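Trainee: A single structure is presented below for examination.
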Amino acid sequence: MAETIHVRGEGGAILTMDLPLPEGIAERSERDADDASEAPAAPVDRPAVNAPKAEWIAYVVKGGRLSAEDAANYTKADLIDMVS
């Protein structure tokens, strides 16, 4: 019986595939693995604790944690705690 693995397809579906993988899929898998091993992007510079609340809102929004409207409803201390 062939060894099987699960592969996430381009549409997000999980596919069960027998090994060895077809050449095109094996190449894509290797390329994806190489991309995953690269260093992550440098983080956005964190504002100083005494920076204005607007800078903390921008930092939280850039980090994808909240929308600007939602972040504005928090205190500056809450925003700082959120990213600590």
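Residues are referred to by chain and number: the chain letter is A, B, ... according to the order shown in the structure tokens, the number counts from 1 in that chain, and ligands are numbered separately from 1 in the order shown.
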When you look at segment 13-16 of chain A with a cut-off of 12 Å (counting only C-alpha atoms), what residues show up, excluding the ones that are within fewer than 5 positions of it in the same chain? I need them as a list in words.

Mentor: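 Those residues are Ala2, Glu3, Thr4, Ile5, His6, Val7, Arg8, Leu21 and Ile25 of chain A.
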
Trainee: Atoms to include: C-alpha atoms. Write the selected residues as a PDB file, in the first residue's frame.

Mentor:
```pdb
ATOM      1  CA  ALA A   2       1.341   3.451  -0.940  1.00  0.00           C
ATOM      2  CA  GLU A   3       2.245   6.010   1.679  1.00  0.00           C
ATOM      3  CA  THR A   4      -0.165   8.951   1.693  1.00  0.00           C
ATOM      4  CA  ILE A   5       0.083  12.558   2.817  1.00  0.00           C
ATOM      5  CA  HIS A   6      -2.366  15.440   3.089  1.00  0.00           C
ATOM      6  CA  VAL A   7      -1.745  18.513   0.942  1.00  0.00           C
ATOM      7  CA  ARG A   8      -3.570  21.840   1.076  1.00  0.00           C
ATOM      8  CA  LEU A  21       3.942  13.233  -5.481  1.00  0.00           C
ATOM      9  CA  ILE A  25       3.203  19.309  -6.905  1.00  0.00           C
TER      10      ILE A  25
END
```

Trainee: Select from chain A everything DSSP, run on the backbone, classes as alpha helix (DSSP H), then give the selection as a ChimeraX atom specification.

Mentor: /A:23-37,53-62,68-72,76-82

Trainee: Env of Met82 of chain A: 9 Å cut, atoms = only C-alpha atoms, seq-sep filter 4 positions within chain, self excluded. Answer as a PDB file with C-alpha atoms, in the first residue's frame.

Mentor:
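Contents of the output file result_7.pdb:
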```pdb
ATOM      1  CA  VAL A  60      -1.749  48.068  16.790  1.00  0.00           C
ATOM      2  CA  ARG A  65      -4.686  43.301  15.932  1.00  0.00           C
ATOM      3  CA  ALA A  77      -2.324  51.644  28.579  1.00  0.00           C
ATOM      4  CA  ASP A  78      -4.659  48.962  27.192  1.00  0.00           C
TER       5      ASP A  78
END
```

Trainee: Please return as a list in words: the residues of segment 11-62 of chain A that backbone DSSP assigns to strand (DSSP E or B).

Mentor: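 In segment 11-62 of chain A, DSSP puts these residues in strand (DSSP E or B): Ile14, Leu15, Thr16, Met17 and Asp18 of chain A.
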
Trainee: Find, counting only C-alpha atoms, the residue in A:Val83, A:Ala54, A:Ala33, A:Val49 that gets nearest to Glu69 of chain A.

Mentor: A:Ala54

Trainee: Which of these residues is nearest to Asn50 of chain A, using only C-alpha atoms: A:Ser84, A:Pro22, A:Ala71, A:Lys76?

Mentor: A:Lys76

Trainee: Go ahead and compute the interatomic distance for atom CA of Ala58 of chain A and atom CA of Arg46 of chain A, in Å to one decimal.

Mentor: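 Between these atoms lies a distance of 10.1 Å.
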